[in-house]
$ cat final.pdb   # PDB, C-alpha atoms
ATOM      1  CA  MET A   1     -49.924  43.722  87.662
ATOM      2  CA  ASN A   2     -49.040  43.186  83.976
ATOM      3  CA  VAL A   3     -50.981  43.896  80.780
ATOM      4  CA  PHE A   4     -52.362  40.325  80.652
ATOM      5  CA  ASP A   5     -54.203  40.641  83.952
ATOM      6  CA  GLN A   6     -57.870  39.635  83.574
ATOM      7  CA  GLY A   7     -60.326  42.525  83.194
ATOM      8  CA  SER A   8     -57.882  44.991  81.739
ATOM      9  CA  ALA A   9     -58.866  46.496  78.379
ATOM     10  CA  PRO A  10     -55.238  46.583  77.225
ATOM     11  CA  ALA A  11     -54.934  42.969  78.329
ATOM     12  CA  LEU A  12     -57.910  41.905  76.196
ATOM     13  CA  PHE A  13     -56.557  43.785  73.196
ATOM     14  CA  ALA A  14     -53.102  42.254  73.641
ATOM     15  CA  ALA A  15     -54.562  38.758  74.000
ATOM     16  CA  VAL A  16     -56.655  39.098  70.838
ATOM     17  CA  THR A  17     -53.672  40.472  68.917
ATOM     18  CA  ALA A  18     -51.381  37.714  70.169
ATOM     19  CA  PHE A  19     -53.932  35.043  69.224
ATOM     20  CA  ALA A  20     -54.297  36.471  65.695
ATOM     21  CA  VAL A  21     -50.532  36.580  65.192
ATOM     22  CA  MET A  22     -50.132  33.028  66.507
ATOM     23  CA  LYS A  23     -52.905  31.764  64.230
ATOM     24  CA  TYR A  24     -51.245  33.445  61.242
ATOM     25  CA  VAL A  25     -47.802  32.013  62.059
ATOM     26  CA  VAL A  26     -49.165  28.514  62.683
ATOM     27  CA  GLY A  27     -51.124  28.717  59.450
ATOM     28  CA  ILE A  28     -47.923  29.452  57.549
ATOM     29  CA  ARG A  29     -45.888  26.718  59.239
ATOM     30  CA  PHE A  30     -48.645  24.139  59.357
ATOM     31  CA  PRO A  31     -51.096  24.871  56.547
ATOM     32  CA  LYS A  32     -54.432  23.108  56.689
ATOM     33  CA  LEU A  33     -54.432  20.040  54.485
ATOM     34  CA  ASN A  34     -57.071  19.892  51.804
ATOM     35  CA  LYS A  35     -58.431  16.350  51.793
ATOM     36  CA  ASN A  36     -58.882  16.478  48.023
ATOM     37  CA  GLN A  37     -55.412  17.883  47.355
ATOM     38  CA  PRO A  38     -52.912  15.219  46.233
ATOM     39  CA  ARG A  39     -49.959  14.924  48.557
ATOM     40  CA  TYR A  40     -46.639  13.117  48.272
ATOM     41  CA  VAL A  41     -46.989   9.537  49.526
ATOM     42  CA  GLY A  42     -43.921   7.737  48.137
ATOM     43  CA  ARG A  43     -42.126   6.832  44.921
ATOM     44  CA  ILE A  44     -42.106   3.970  42.455
ATOM     45  CA  ALA A  45     -39.739   1.219  43.580
ATOM     46  CA  ALA A  46     -40.503  -1.243  40.776
ATOM     47  CA  ILE A  47     -42.797  -1.846  37.805
ATOM     48  CA  TRP A  48     -43.859  -5.368  36.871
ATOM     49  CA  ILE A  49     -45.598  -6.665  33.786
ATOM     50  CA  PHE A  50     -47.220 -10.079  33.359
ATOM     51  CA  PRO A  51     -48.024 -10.429  29.645
ATOM     52  CA  ILE A  52     -49.471 -13.951  29.956
ATOM     53  CA  LYS A  53     -51.885 -14.612  32.796
ATOM     54  CA  SER A  54     -50.223 -16.670  35.568
ATOM     55  CA  PHE A  55     -46.919 -17.022  33.656
ATOM     56  CA  LYS A  56     -43.663 -15.505  34.883
ATOM     57  CA  GLY A  57     -43.543 -11.713  34.829
ATOM     58  CA  PHE A  58     -40.566  -9.383  34.700
ATOM     59  CA  SER A  59     -39.624  -5.986  36.056
ATOM     60  CA  ILE A  60     -39.126  -2.996  33.789
ATOM     61  CA  GLN A  61     -37.680   0.468  34.339
ATOM     62  CA  GLU A  62     -40.445   2.381  32.584
ATOM     63  CA  ALA A  63     -43.856   1.697  31.110
ATOM     64  CA  GLU A  64     -46.846   3.200  29.399
ATOM     65  CA  CYS A  65     -50.033   3.233  31.442
ATOM     66  CA  THR A  66     -52.946   2.478  29.128
ATOM     67  CA  GLN A  67     -56.639   1.961  29.685
ATOM     68  CA  LEU A  68     -56.022  -1.791  29.588
ATOM     69  CA  GLY A  69     -52.977  -1.962  31.863
ATOM     70  CA  ILE A  70     -49.197  -1.642  31.859
ATOM     71  CA  LYS A  71     -47.679  -1.652  28.338
ATOM     72  CA  TRP A  72     -44.033  -2.258  27.482
ATOM     73  CA  LYS A  73     -43.056  -2.422  23.813
ATOM     74  CA  GLU A  74     -45.450  -4.992  22.264
ATOM     75  CA  PHE A  75     -46.462  -6.503  25.596
ATOM     76  CA  THR A  76     -49.546  -5.356  27.484
ATOM     77  CA  ASP A  77     -50.284  -6.814  30.892
ATOM     78  CA  ARG A  78     -52.330 -10.034  30.904
ATOM     79  CA  HIS A  79     -53.321  -9.977  27.240
ATOM     80  CA  TRP A  80     -52.696 -13.705  26.769
ATOM     81  CA  THR A  81     -54.239 -16.552  28.710
ATOM     82  CA  VAL A  82     -54.280 -20.355  28.658
ATOM     83  CA  THR A  83     -57.618 -22.160  28.529
ATOM     84  CA  THR A  84     -59.000 -25.668  28.469
ATOM     85  CA  ALA A  85     -60.298 -27.044  25.185
ATOM     86  CA  ASP A  86     -63.714 -25.499  25.870
ATOM     87  CA  GLY A  87     -62.286 -22.019  26.487
ATOM     88  CA  ILE A  88     -62.303 -21.883  30.312
ATOM     89  CA  TYR A  89     -59.320 -19.922  31.625
ATOM     90  CA  LEU A  90     -56.602 -21.574  33.713
ATOM     91  CA  THR A  91     -54.364 -20.029  36.379
ATOM     92  CA  MET A  92     -51.700 -21.075  38.854
ATOM     93  CA  ARG A  93     -54.503 -22.050  41.207
ATOM     94  CA  GLN A  94     -54.981 -25.152  39.071
ATOM     95  CA  GLU A  95     -51.490 -25.387  37.530
ATOM     96  CA  PRO A  96     -48.814 -23.944  39.865
ATOM     97  CA  THR A  97     -45.967 -24.580  37.397
ATOM     98  CA  MET A  98     -47.382 -21.868  35.150
ATOM     99  CA  SER A  99     -45.107 -19.572  37.172
ATOM    100  CA  LEU A 100     -42.052 -21.206  35.569
ATOM    101  CA  ILE A 101     -42.949 -20.390  31.956
ATOM    102  CA  GLU A 102     -41.069 -17.283  30.821
ATOM    103  CA  PRO A 103     -42.296 -15.120  27.933
ATOM    104  CA  ILE A 104     -39.603 -13.169  26.097
ATOM    105  CA  LEU A 105     -40.220 -10.611  23.359
ATOM    106  CA  LYS A 106     -38.049 -11.278  20.296
ATOM    107  CA  ASP A 107     -38.777  -8.788  17.519
ATOM    108  CA  ASP A 108     -42.293  -9.659  16.326
ATOM    109  CA  GLN A 109     -42.338 -13.003  18.148
ATOM    110  CA  VAL A 110     -43.030 -14.177  21.693
ATOM    111  CA  GLN A 111     -40.704 -16.931  22.884
ATOM    112  CA  LEU A 112     -41.795 -19.245  25.693
ATOM    113  CA  SER A 113     -39.240 -21.197  27.706
ATOM    114  CA  ALA A 114     -39.871 -23.640  30.537
ATOM    115  CA  PRO A 115     -37.963 -26.347  32.447
ATOM    116  CA  GLY A 116     -37.548 -29.497  30.384
ATOM    117  CA  MET A 117     -38.965 -27.920  27.226
ATOM    118  CA  GLU A 118     -37.417 -26.590  24.031
ATOM    119  CA  PRO A 119     -38.321 -22.908  23.557
ATOM    120  CA  ILE A 120     -41.188 -22.149  21.216
ATOM    121  CA  CYS A 121     -42.158 -18.952  19.375
ATOM    122  CA  PHE A 122     -45.398 -17.514  18.064
ATOM    123  CA  PRO A 123     -46.407 -14.116  16.588
ATOM    124  CA  VAL A 124     -46.816 -11.322  19.119
ATOM    125  CA  CYS A 125     -49.752  -9.889  17.170
ATOM    126  CA  PRO A 126     -51.228 -12.527  14.881
ATOM    127  CA  ASP A 127     -53.495 -11.699  11.977
ATOM    128  CA  ILE A 128     -57.158 -12.300  12.699
ATOM    129  CA  THR A 129     -58.786 -14.811  10.366
ATOM    130  CA  ASN A 130     -61.986 -16.840  10.363
ATOM    131  CA  ASN A 131     -59.899 -19.835  11.374
ATOM    132  CA  ASN A 132     -58.349 -18.395  14.539
ATOM    133  CA  LEU A 133     -61.254 -16.441  16.023
ATOM    134  CA  SER A 134     -62.110 -17.942  19.384
ATOM    135  CA  LYS A 135     -63.404 -17.012  22.850
ATOM    136  CA  VAL A 136     -62.346 -17.122  26.481
ATOM    137  CA  ILE A 137     -64.630 -17.754  29.449
ATOM    138  CA  LEU A 138     -63.159 -15.818  32.373
ATOM    139  CA  LYS A 139     -65.277 -15.800  35.510
ATOM    140  CA  THR A 140     -68.721 -14.545  34.375
ATOM    141  CA  ASP A 141     -67.466 -13.025  31.112
ATOM    142  CA  THR A 142     -67.174 -14.575  27.678
ATOM    143  CA  VAL A 143     -64.913 -12.457  25.481
ATOM    144  CA  PRO A 144     -63.563 -12.828  21.937
ATOM    145  CA  SER A 145     -59.956 -13.847  21.417
ATOM    146  CA  VAL A 146     -57.441 -15.017  18.847
ATOM    147  CA  ASP A 147     -56.236 -18.605  19.110
ATOM    148  CA  CYS A 148     -52.420 -18.657  18.930
ATOM    149  CA  GLY A 149     -52.262 -21.917  17.007
ATOM    150  CA  ASP A 150     -51.763 -25.662  17.282
ATOM    151  CA  GLU A 151     -47.986 -25.636  17.746
ATOM    152  CA  VAL A 152     -47.944 -23.613  20.976
ATOM    153  CA  ALA A 153     -51.115 -25.401  22.126
ATOM    154  CA  GLU A 154     -49.393 -28.787  21.806
ATOM    155  CA  TRP A 155     -46.318 -27.403  23.592
ATOM    156  CA  LEU A 156     -48.457 -26.311  26.543
ATOM    157  CA  SER A 157     -50.349 -29.594  26.642
ATOM    158  CA  ARG A 158     -47.055 -31.509  26.799
ATOM    159  CA  TYR A 159     -45.648 -29.246  29.516
ATOM    160  CA  PHE A 160     -48.704 -29.567  31.758
ATOM    161  CA  LYS A 161     -49.451 -33.169  30.697
ATOM    162  CA  ARG A 162     -52.963 -31.966  30.051
ATOM    163  CA  PRO A 163     -54.427 -32.455  26.568
ATOM    164  CA  GLY A 164     -56.497 -29.887  24.728
ATOM    165  CA  LEU A 165     -55.003 -26.676  26.146
ATOM    166  CA  ARG A 166     -55.084 -23.513  23.996
ATOM    167  CA  LEU A 167     -53.316 -20.145  24.211
ATOM    168  CA  HIS A 168     -55.462 -17.077  23.491
ATOM    169  CA  PHE A 169     -54.602 -13.461  22.708
ATOM    170  CA  SER A 170     -56.796 -10.395  23.149
ATOM    171  CA  ALA A 171     -56.103  -8.488  19.926
ATOM    172  CA  PRO A 172     -56.261  -4.662  19.949
ATOM    173  CA  SER A 173     -59.403  -4.591  17.811
ATOM    174  CA  GLN A 174     -61.313  -7.095  19.924
ATOM    175  CA  GLU A 175     -63.884  -6.411  22.628
ATOM    176  CA  LYS A 176     -62.473  -6.211  26.153
ATOM    177  CA  ARG A 177     -63.921  -6.931  29.581
ATOM    178  CA  ASP A 178     -65.647  -4.145  31.536
ATOM    179  CA  SER A 179     -64.669  -4.281  35.214
ATOM    180  CA  SER A 180     -68.015  -2.782  36.212
ATOM    181  CA  ASN A 181     -69.682  -6.064  35.187
ATOM    182  CA  ALA A 182     -67.665  -8.137  37.641
ATOM    183  CA  LYS A 183     -69.760 -10.014  40.183
ATOM    184  CA  LYS A 184     -68.581  -9.411  43.743
ATOM    185  CA  LEU A 185     -69.907 -10.191  47.213
ATOM    186  CA  TRP A 186     -69.604  -6.476  47.987
ATOM    187  CA  ASP A 187     -70.411  -3.366  45.975
ATOM    188  CA  ASN A 188     -68.377  -3.197  42.794
ATOM    189  CA  PRO A 189     -66.817   0.312  42.676
ATOM    190  CA  ALA A 190     -65.729   0.096  39.018
ATOM    191  CA  LYS A 191     -67.459   2.354  36.515
ATOM    192  CA  PRO A 192     -68.629   1.451  33.002
ATOM    193  CA  GLY A 193     -65.632   1.896  30.737
ATOM    194  CA  ASP A 194     -63.050   0.612  33.253
ATOM    195  CA  MET A 195     -61.662  -1.958  30.837
ATOM    196  CA  CYS A 196     -59.165  -4.829  30.895
ATOM    197  CA  ALA A 197     -58.280  -7.970  28.917
ATOM    198  CA  PHE A 198     -57.602 -11.104  31.005
ATOM    199  CA  PRO A 199     -56.888  -9.948  34.592
ATOM    200  CA  ASP A 200     -59.245 -11.304  37.232
ATOM    201  CA  TYR A 201     -60.795  -7.875  37.730
ATOM    202  CA  CYS A 202     -59.008  -4.723  36.576
ATOM    203  CA  GLY A 203     -55.977  -3.261  34.835
ATOM    204  CA  TYR A 204     -53.683  -2.368  37.758
ATOM    205  CA  MET A 205     -52.650  -3.569  41.193
ATOM    206  CA  MET A 206     -50.546  -1.524  43.600
ATOM    207  CA  LEU A 207     -48.598  -2.671  46.665
ATOM    208  CA  SER A 208     -45.938  -1.133  48.889
ATOM    209  CA  ARG A 209     -42.608  -2.563  49.981
ATOM    210  CA  ALA A 210     -43.441  -1.530  53.537
ATOM    211  CA  SER A 211     -46.559  -3.724  53.508
ATOM    212  CA  LEU A 212     -44.479  -6.677  52.332
ATOM    213  CA  ALA A 213     -41.869  -5.983  55.029
ATOM    214  CA  ASP A 214     -44.633  -5.921  57.650
ATOM    215  CA  LEU A 215     -45.914  -9.299  56.441
ATOM    216  CA  ASN A 216     -42.427 -10.803  56.289
ATOM    217  CA  SER A 217     -41.743  -9.714  59.874
ATOM    218  CA  ARG A 218     -44.521 -12.137  60.883
ATOM    219  CA  LEU A 219     -43.283 -15.088  58.801
ATOM    220  CA  THR A 220     -40.590 -17.638  59.592
ATOM    221  CA  LYS A 221     -39.805 -17.795  55.863
ATOM    222  CA  PRO A 222     -40.061 -14.413  54.084
ATOM    223  CA  VAL A 223     -41.701 -14.266  50.661
ATOM    224  CA  PRO A 224     -40.759 -12.059  47.698
ATOM    225  CA  ILE A 225     -42.977  -9.393  46.169
ATOM    226  CA  THR A 226     -43.519 -11.624  43.133
ATOM    227  CA  ASN A 227     -45.876 -13.873  45.126
ATOM    228  CA  PHE A 228     -48.444 -11.070  44.866
ATOM    229  CA  ARG A 229     -48.044 -10.198  41.168
ATOM    230  CA  ALA A 230     -48.579  -6.463  41.607
ATOM    231  CA  ASN A 231     -47.791  -4.040  38.766
ATOM    232  CA  ILE A 232     -46.660  -0.922  40.647
ATOM    233  CA  ILE A 233     -44.550  -1.251  43.796
ATOM    234  CA  ILE A 234     -44.264   1.799  46.061
ATOM    235  CA  GLU A 235     -41.538   2.677  48.574
ATOM    236  CA  ASP A 236     -40.987   5.515  51.085
ATOM    237  CA  CYS A 237     -44.353   5.030  52.786
ATOM    238  CA  GLU A 238     -45.753   3.341  55.896
ATOM    239  CA  PRO A 239     -47.097  -0.233  55.827
ATOM    240  CA  PHE A 240     -50.550  -0.369  54.240
ATOM    241  CA  ALA A 241     -50.537   3.349  53.491
ATOM    242  CA  GLU A 242     -51.853   2.364  50.044
ATOM    243  CA  ASP A 243     -55.123   1.277  51.689
ATOM    244  CA  SER A 244     -56.074   4.925  52.212
ATOM    245  CA  TRP A 245     -55.272   6.332  48.756
ATOM    246  CA  SER A 246     -58.468   7.073  46.840
ATOM    247  CA  SER A 247     -56.637   8.237  43.715
ATOM    248  CA  VAL A 248     -52.995   8.236  42.682
ATOM    249  CA  ARG A 249     -51.106  10.613  40.411
ATOM    250  CA  ILE A 250     -47.711   9.754  38.907
ATOM    251  CA  GLY A 251     -46.630  12.441  36.453
ATOM    252  CA  ASP A 252     -49.480  12.697  33.941
ATOM    253  CA  VAL A 253     -50.910   9.320  34.950
ATOM    254  CA  GLN A 254     -54.041   9.272  37.094
ATOM    255  CA  LEU A 255     -55.154   6.011  38.717
ATOM    256  CA  ARG A 256     -58.380   5.484  40.657
ATOM    257  CA  ALA A 257     -58.499   3.028  43.549
ATOM    258  CA  LEU A 258     -61.278   0.454  43.272
ATOM    259  CA  ASP A 259     -61.094  -1.984  46.168
ATOM    260  CA  ALA A 260     -58.715  -4.209  48.103
ATOM    261  CA  CYS A 261     -57.052  -7.110  46.359
ATOM    262  CA  THR A 262     -58.393 -10.140  48.228
ATOM    263  CA  ARG A 263     -55.923 -12.986  48.404
ATOM    264  CA  CYS A 264     -56.308 -16.700  47.684
ATOM    265  CA  ILE A 265     -54.191 -19.849  47.471
ATOM    266  CA  LEU A 266     -52.234 -18.378  44.540
ATOM    267  CA  VAL A 267     -50.024 -16.328  46.899
ATOM    268  CA  THR A 268     -48.749 -19.540  48.514
ATOM    269  CA  ILE A 269     -47.012 -20.632  45.278
ATOM    270  CA  ASP A 270     -43.232 -20.374  45.219
ATOM    271  CA  GLN A 271     -42.766 -18.499  41.942
ATOM    272  CA  THR A 272     -39.320 -20.019  41.370
ATOM    273  CA  LYS A 273     -40.389 -23.635  41.985
ATOM    274  CA  GLY A 274     -44.056 -23.745  41.000
ATOM    275  CA  ILE A 275     -45.007 -25.427  44.294
ATOM    276  CA  LYS A 276     -47.704 -24.458  46.803
ATOM    277  CA  ASP A 277     -46.523 -23.994  50.382
ATOM    278  CA  LYS A 278     -47.682 -26.966  52.460
ATOM    279  CA  ASN A 279     -48.562 -24.658  55.370
ATOM    280  CA  GLU A 280     -50.429 -22.247  53.069
ATOM    281  CA  GLN A 281     -48.088 -19.392  53.906
ATOM    282  CA  PRO A 282     -48.216 -16.442  53.616
ATOM    283  CA  LEU A 283     -52.008 -16.750  53.198
ATOM    284  CA  ALA A 284     -52.502 -18.252  56.657
ATOM    285  CA  THR A 285     -50.689 -15.344  58.314
ATOM    286  CA  LEU A 286     -52.541 -12.751  56.242
ATOM    287  CA  LYS A 287     -55.818 -14.254  57.460
ATOM    288  CA  LYS A 288     -54.754 -13.536  61.053
ATOM    289  CA  TYR A 289     -54.466  -9.779  60.627
ATOM    290  CA  ARG A 290     -55.635  -8.598  57.203
ATOM    291  CA  LEU A 291     -59.323  -9.510  57.194
ATOM    292  CA  ARG A 292     -61.390  -6.386  56.506
ATOM    293  CA  GLU A 293     -65.020  -5.542  55.972
ATOM    294  CA  PRO A 294     -66.730  -6.094  53.594
ATOM    295  CA  TYR A 295     -64.337  -8.683  52.145
ATOM    296  CA  GLY A 296     -65.303 -11.693  54.250
ATOM    297  CA  ASP A 297     -62.759 -14.437  54.910
ATOM    298  CA  LYS A 298     -60.262 -13.416  52.215
ATOM    299  CA  PRO A 299     -57.393 -11.249  53.492
ATOM    300  CA  CYS A 300     -56.578  -7.923  51.831
ATOM    301  CA  PHE A 301     -53.101  -7.207  50.481
ATOM    302  CA  GLY A 302     -52.648  -4.532  47.824
ATOM    303  CA  ILE A 303     -55.178  -2.308  46.089
ATOM    304  CA  ASN A 304     -56.881  -2.720  42.715
ATOM    305  CA  HIS A 305     -56.799   0.340  40.457
ATOM    306  CA  THR A 306     -58.111   1.488  37.114
ATOM    307  CA  LEU A 307     -56.865   4.226  34.813
ATOM    308  CA  ASP A 308     -58.420   7.675  34.527
ATOM    309  CA  LYS A 309     -55.610   9.398  32.616
ATOM    310  CA  PRO A 310     -52.891   7.693  30.534
ATOM    311  CA  GLY A 311     -49.207   8.494  30.393
ATOM    312  CA  LYS A 312     -45.744   7.122  31.108
ATOM    313  CA  ILE A 313     -44.177   6.141  34.417
ATOM    314  CA  LYS A 314     -40.693   5.071  35.461
ATOM    315  CA  VAL A 315     -38.925   3.707  38.504
ATOM    316  CA  GLY A 316     -38.121   6.532  40.926
ATOM    317  CA  ASP A 317     -41.104   8.696  39.977
ATOM    318  CA  PRO A 318     -42.741  10.462  42.941
ATOM    319  CA  VAL A 319     -46.258   9.315  43.772
ATOM    320  CA  TYR A 320     -49.028  11.664  44.917
ATOM    321  CA  ALA A 321     -52.390  10.585  46.293
ATOM    322  CA  THR A 322     -55.624  11.897  47.665
ATOM    323  CA  ILE A 323     -56.427  10.359  51.025
ATOM    324  CA  LEU A 324     -59.702   8.711  51.952
TER     325      LEU A 324
END
$ encode --input "final.pdb" --output "structure tokens"
Amino acid sequence: MNVFDQGSAPALFAAVTAFAVMKYVVGIRFPKLNKNQPRYVGRIAAIWIFPIKSFKGFSIQEAECTQLGIKWKEFTDRHWTVTTADGIYLTMRQEPTMSLIEPILKDDQVQLSAPGMEPICFPVCPDITNNNLSKVILKTDTVPSVDCGDEVAEWLSRYFKRPGLRLHFSAPSQEKRDSSNAKKLWDNPAKPGDMCAFPDYCGYMMLSRASLADLNSRLTKPVPITNFRANIIIEDCEPFAEDSWSSVRIGDVQLRALDACTRCILVTIDQTKGIKDKNEQPLATLKKYRLREPYGDKPCFGINHTLDKPGKIKVGDPVYATIL
């Protein structure tokens, strides 16, 4: 009979001691995870900025994260937008060839280039006068803007063969849109003070390369990340890991997840040709496996975020998140 035989006092003592030691060792090797403690979830693979809503964006190596979105030099994400003559915003949903217009920063000017058009320039930060004060109607919001002038307006009207178009800028001193006022078919998680200029909803959108790879594995014709116009692309994580991140920390920057980015016909547009896919891919495939409550019949791909703490980020930065 050994010391672990049932009923023996030494056996009970030895068992209790062994259990305590094992618990201590396991606790050291496998510490209990605090749900509210940020943990490493990946790193930044790419940063994208889209200065003019629905126009071509470009990738950058580093950026400033502001209350209103990604900022690079004099460009802040989605601070310009095209409207009809009566101020109603336009996107690629109505004009797919918007994706072919490229904005380039040249000193204190923005240059636009597009197929079949001579480049045109306009001031990156125009003076506000009584003559150029205007407004933009974006979804349920009407917000003040600066009209960028007749010359660029005529250029856009010729390009789209659509008279009366105007280009608007949200100047630093002008009122911005509060994401908490957005009308949604589900509860809006944004808080008062979560601000943006001309995005559909909020200042940031995050997506992982693994999620794109998962989608592309289901498609006969893979699509690039640019179809989804996300700002911060994450790598070194599992597909759709971003769905479970309630808050994200990158250096000093703190981002708060709002809700899923629900996808529409815009993601079917070939960003290099300005043409919608005739089979509505990849939207049709997303609808087969990325429908989630409470988002109805629009598939989820990427997560909307807002800023809680500003700072700078760069490609390669580690990403930490708290998990839902």
$ closest_residue --input "final.pdb" --among "A:Tyr201, A:Tyr295, A:Trp155, A:Trp245" --to "Asp187 of chain A" --atoms "only C-alpha atoms"
A:Tyr295
$ closest_residue --input "final.pdb" --among "A:Ile313, A:Val41, A:Leu266, A:Leu112" --to "Ile232 of chain A" --atoms "all atoms listed in the file"
A:Ile313
$ atom_distance --input "final.pdb" --atom1 "atom CA of Glu280 of chain A" --atom2 "atom CA of Leu207 of chain A"
20.7 Å
$ axis_aligned_box --input "final.pdb" --around "segment 274-278 of chain A" --padding-each-side "8 Å" --output "JSON"
{"center_x": -45.9, "center_y": -25.4, "center_z": 46.7, "size_x": 19.6, "size_y": 19.2, "size_z": 27.5}
$ resolve_selection --input "final.pdb" --expression "the PyMOL selection byres ((chain A and resi 203) around 6)" --output "list in words"
Leu68, Gly69, Cys196, Cys202, Tyr204 and Thr306 of chain A
$ residues_around --input "final.pdb" --residues "Trp72 of chain A" --least-positions-apart "6" --cutoff "9 Å" --atoms "only C-alpha atoms" --output "list in words"
Ile49, Ile60, Glu62, Ala63 and Glu64 of chain A
$ atom_distance --input "final.pdb" --atom1 "atom CA of Ile88 of chain A" --atom2 "atom CA of Ser54 of chain A"
14.2 Å
$ residues_around --input "final.pdb" --residues "segment 97-102 of chain A" --least-positions-apart "3" --cutoff "10 Å" --atoms "only C-alpha atoms" --output "PyMOL selection string"
chain A and resi 50-58+82+90-94+110-115+117+119+156+159-160+227+269-276
$ residues_near_point --input "final.pdb" --point "(-45.0, -7.2, 61.3)" --cutoff "12 Å" --atoms "all atoms listed in the file" --output "list in words"
Ala210, Ser211, Leu212, Ala213, Asp214, Leu215, Asn216, Ser217, Arg218, Leu219, Thr220, Pro222, Glu238, Pro239, Phe240, Thr285, Leu286, Lys288, Tyr289 and Arg290 of chain A
$ residues_near_point --input "final.pdb" --point "(-41.5, -13.1, 18.8)" --cutoff "6 Å" --atoms "only C-alpha atoms" --output "PDB file with C-alpha atoms, in the frame of the given file"
ATOM      1  CA  LEU A 105     -40.220 -10.611  23.359  1.00  0.00           C
ATOM      2  CA  LYS A 106     -38.049 -11.278  20.296  1.00  0.00           C
ATOM      3  CA  ASP A 107     -38.777  -8.788  17.519  1.00  0.00           C
ATOM      4  CA  ASP A 108     -42.293  -9.659  16.326  1.00  0.00           C
ATOM      5  CA  GLN A 109     -42.338 -13.003  18.148  1.00  0.00           C
ATOM      6  CA  VAL A 110     -43.030 -14.177  21.693  1.00  0.00           C
ATOM      7  CA  GLN A 111     -40.704 -16.931  22.884  1.00  0.00           C
ATOM      8  CA  CYS A 121     -42.158 -18.952  19.375  1.00  0.00           C
ATOM      9  CA  PHE A 122     -45.398 -17.514  18.064  1.00  0.00           C
ATOM     10  CA  PRO A 123     -46.407 -14.116  16.588  1.00  0.00           C
ATOM     11  CA  VAL A 124     -46.816 -11.322  19.119  1.00  0.00           C
TER      12      VAL A 124
END
$ atom_distance --input "final.pdb" --atom1 "atom CA of Ile47 of chain A" --atom2 "atom CA of Ile233 of chain A"
6.3 Å
$ closest_residue --input "final.pdb" --among "A:Ala197, A:Ile120, A:Ile128, A:Ala284" --to "Val143 of chain A" --atoms "all atoms listed in the file"
A:Ala197
$ closest_residue --input "final.pdb" --among "A:Asn130, A:Gln61, A:Ser247, A:Ser173" --to "Val315 of chain A" --atoms "all atoms listed in the file"
A:Gln61
$ residues_around --input "final.pdb" --residues "Cys300 of chain A" --least-positions-apart "6" --cutoff "8 Å" --atoms "all atoms listed in the file" --output "list in words"
Ala260, Cys261, Thr262, Arg263, Leu286, Arg290, Leu291 and Arg292 of chain A
$ closest_residue --input "final.pdb" --among "A:Ser246, A:Asn131, A:Thr84, A:Leu185" --to "Ala153 of chain A" --atoms "only C-alpha atoms"
A:Thr84
$ residues_around --input "final.pdb" --residues "Arg43 of chain A" --least-positions-apart "5" --cutoff "12 Å" --atoms "only C-alpha atoms" --output "list in words"
Met206, Leu207, Ser208, Arg209, Ile232, Ile233, Ile234, Glu235, Asp236, Cys237, Glu242, Val248, Arg249, Ile250, Gly251, Ile313, Lys314, Val315, Gly316, Asp317, Pro318, Val319, Tyr320 and Ala321 of chain A
$ resolve_selection --input "final.pdb" --expression "the PyMOL selection byres ((chain A and resi 174) around 9)" --output "mmCIF file with C-alpha atoms, in the coordinates of the input"
data_model
loop_
_atom_site.group_PDB
_atom_site.id
_atom_site.type_symbol
_atom_site.label_atom_id
_atom_site.label_comp_id
_atom_site.auth_asym_id
_atom_site.auth_seq_id
_atom_site.Cartn_x
_atom_site.Cartn_y
_atom_site.Cartn_z
ATOM 1 C CA VAL A 143 -64.913 -12.457 25.481
ATOM 2 C CA PRO A 144 -63.563 -12.828 21.937
ATOM 3 C CA SER A 145 -59.956 -13.847 21.417
ATOM 4 C CA VAL A 146 -57.441 -15.017 18.847
ATOM 5 C CA SER A 170 -56.796 -10.395 23.149
ATOM 6 C CA ALA A 171 -56.103 -8.488 19.926
ATOM 7 C CA PRO A 172 -56.261 -4.662 19.949
ATOM 8 C CA SER A 173 -59.403 -4.591 17.811
ATOM 9 C CA GLU A 175 -63.884 -6.411 22.628
ATOM 10 C CA LYS A 176 -62.473 -6.211 26.153
#
$ closest_residue --input "final.pdb" --among "A:Ser244, A:Thr83, A:Thr142, A:Ser179" --to "Arg162 of chain A" --atoms "all atoms listed in the file"
A:Thr83
$ resolve_selection --input "final.pdb" --expression "the PyMOL selection byres ((chain A and resi 190) around 6)" --output "list of chain:residue names"
A:Ser179, A:Ser180, A:Asn188, A:Pro189, A:Lys191
